[in-house]
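**Q** One structure follows; several queries about it will come next.
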Amino acid sequence: SANSLSNGDATFDFFDDFLGTSLNTSKWNYYISSGSLSISNGILTINGGSSATGGINGIASKLLFSYNTALRIRIIMTAPRGVSWEWKERGFSDANLTTASHFTINNAVLANQENYPGTSQNFLTLNAGSSTTTSSLPNIISWSIEEYRRIGTTSAQYVINDSVKVTHTTNIPTTNLYVVAGAGNNAGSNAIQIDWILIRKYTSPEPTITLGSEE
């Protein structure tokens, strides 16, 4: 039988639209240092703590995903205090966030917003500890759809609202990676808010549909 178009779990390789009032721990690991995590009205909010001692508050999928996939997130960043160096990371990573050792990241395709507002967003690809970084990308300060594309073993893209912002062709990870999102503790109150997250298959170029005229 056909699946309902509204059934994200049946449609995509991975999906969560954060219904209810608590994190679905069959899909996610999480780690909270001095911040908080909450779900309300279909929105996941991850708050960074106000401590300046570092640390992260975040989620990581229990499933690993290979290349030829794309991660899509509807997301907004907030920083109530407007303090600098309030970093927020999301994307693919080999950190599963089950313990504080999540700081040991050797393979990743992710973005990191360091200040609010402005253009301090970085896109990072990391392979076996070697990295390539593109800086000065626009920050996400209004609701937007981000996409992180792992294109085979040769490239990765960061996309905002279906516009490609940067393509990396060096230090591309080839291992399976978790989906991650988190907000750091660094002298300011800051947050990530997420409406939904999904993983879809991706090929480059993607198939196109051409409609011909009726005969």
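Labels for the structure tokens follow display order: chains A, B, ..., residues from 1 in each chain, ligands from 1.
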Please tabulate, as CSV, the residues of stretch 162-198 of chain A that come within 7 Å of stretch 11-32 of chain A, each with its closest pair of atoms and the distance in Å to one decimal, counting only C-alpha atoms and ordering rows by chain, then residue number upward.

**A**
residue,atom,partner,partner_atom,distance
A:Asp195,CA,A:Asp17,CA,6.1
A:Trp196,CA,A:Asp17,CA,4.2
A:Ile197,CA,A:Asp16,CA,5.4
A:Leu198,CA,A:Phe15,CA,4.3

**Q** With all heavy atoms retained, could you export that selection as a compact mmCIF listing (two decimals), in the first residue's frame?

**A**
# COMPACT_ATOMS: atom_id res chain seq x y z
N ASP A 195 12.63 23.17 13.85
CA ASP A 195 11.26 22.77 13.56
C ASP A 195 11.22 21.29 13.13
O ASP A 195 10.41 20.52 13.62
CB ASP A 195 10.71 23.67 12.45
CG ASP A 195 9.25 23.41 12.15
OD1 ASP A 195 8.62 22.61 12.85
OD2 ASP A 195 8.72 24.04 11.21
N TRP A 196 12.10 20.92 12.20
CA TRP A 196 12.19 19.52 11.77
C TRP A 196 13.58 19.24 11.20
O TRP A 196 14.31 20.16 10.81
CB TRP A 196 11.11 19.16 10.75
CG TRP A 196 10.90 20.13 9.61
CD1 TRP A 196 9.91 21.04 9.48
CD2 TRP A 196 11.73 20.28 8.42
NE1 TRP A 196 10.03 21.75 8.30
CE2 TRP A 196 11.14 21.29 7.63
CE3 TRP A 196 12.87 19.65 7.95
CZ2 TRP A 196 11.68 21.70 6.41
CZ3 TRP A 196 13.42 20.04 6.73
CH2 TRP A 196 12.82 21.06 5.97
N ILE A 197 13.90 17.95 11.18
CA ILE A 197 15.16 17.45 10.63
C ILE A 197 14.84 16.22 9.78
O ILE A 197 14.03 15.37 10.18
CB ILE A 197 16.15 17.05 11.74
CG1 ILE A 197 16.67 18.27 12.49
CG2 ILE A 197 17.32 16.24 11.17
CD1 ILE A 197 17.65 17.92 13.61
N LEU A 198 15.47 16.12 8.61
CA LEU A 198 15.32 14.91 7.80
C LEU A 198 16.61 14.58 7.07
O LEU A 198 17.46 15.45 6.83
CB LEU A 198 14.16 15.06 6.82
CG LEU A 198 14.27 16.10 5.69
CD1 LEU A 198 15.00 15.54 4.45
CD2 LEU A 198 12.87 16.59 5.28

**Q** Go through A:Asn171, A:Leu126, A:Ser142, A:Ile192 one by one, measure the shortest atom-to-atom distance of each to A:Asn107 using only C-alpha atoms, and give the residue with the smallest value.

**A**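 Checking each of A:Asn171, A:Leu126, A:Ser142, A:Ile192 against A:Asn107, counting only C-alpha atoms, the winner is A:Leu126.
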
**Q** Hey, what does DSSP flag as helix (DSSP H, G or I) within stretch 17-160 of chain A? Can you give it to me as JSON, numbers by chain?

**A** {"A": [100, 101, 102, 103]}

**Q** Write to file, as an mmCIF file, in the first residue's frame, the residues of the selection just made, with C-alpha atoms.

**A**
data_model
loop_
_atom_site.group_PDB
_atom_site.id
_atom_site.type_symbol
_atom_site.label_atom_id
_atom_site.label_comp_id
_atom_site.auth_asym_id
_atom_site.auth_seq_id
_atom_site.Cartn_x
_atom_site.Cartn_y
_atom_site.Cartn_z
ATOM 1 C CA ALA A 100 31.531 14.721 27.436
ATOM 2 C CA SER A 101 34.193 13.226 25.128
ATOM 3 C CA HIS A 102 32.113 14.534 22.194
ATOM 4 C CA PHE A 103 34.776 17.215 21.692
#

**Q** Using only C-alpha atoms for the distances, tell me which of A:Arg74, A:Ile199, A:Thr98, A:Val179 is nearest to A:Gly42.

**A**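 Going through A:Arg74, A:Ile199, A:Thr98, A:Val179 one by one, the smallest distance to A:Gly42 is for A:Arg74.
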
**Q** Which residue gives the smallest distance to A:Gln121 among A:Leu97, A:Ile160, A:Ile151, A:Ile105, with only C-alpha atoms counted?

**A**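 Once distances to A:Gln121 are computed over only C-alpha atoms, the minimum belongs to A:Ile160.
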
**Q** Would you mind telling me which residue in A:Asn139, A:Ala181, A:Gln193, A:Arg72 lies nearest to A:Val159 when using only C-alpha atoms?

**A**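 Once distances to A:Val159 are computed over only C-alpha atoms, the minimum belongs to A:Arg72.
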
**Q** Would you pick out the contacts of A:Ala128 at 12 Å or less, using only C-alpha atoms, so that residues sharing its chain but fewer than 5 positions from it are not included, and give the list as an MDAnalysis selection string?

**A** chainID A and resid 93:94 104:108 170:175

**Q** Give the strand (DSSP E or B) residues of chain A, as assigned by DSSP on the backbone, as a PyMOL selection string.

**A** chain A and resi 14-16+28-32+36-40+43-48+56-61+65+69-78+88-93+108-113+121-127+130-137+144-151+155-160+163-168+177-184+190-201

**Q** What separation in Å, quoted to one decimal, exists between atom CA of A:Leu37 and atom CA of A:Ile73?

**A** 17.2 Å

**Q** Need to verify the contact set: A:Glu147, 12 Å, only C-alpha atoms, exclusion of same-chain residues closer than 2 positions in sequence. Can you return it as a PyMOL selection string?

**A** chain A and resi 69-75+90-92+109-111+123+144-145+149-150+156-167+179+197-200+202

**Q** I'd like the interatomic distance between atom CA of A:Thr134 and atom CA of A:Tyr67, to a tenth of an Å.

**A** 20.4 Å

**Q** Give the answer as one residue: which of A:Gln113, A:Thr45, A:Ser34, A:Asn57 has the shortest atom-to-atom distance to A:Gly182, using only C-alpha atoms?

**A** A:Asn57

**Q** Interatomic distance between atom CA of A:Thr125 and atom CA of A:Ala60?

**A** 17.6 Å
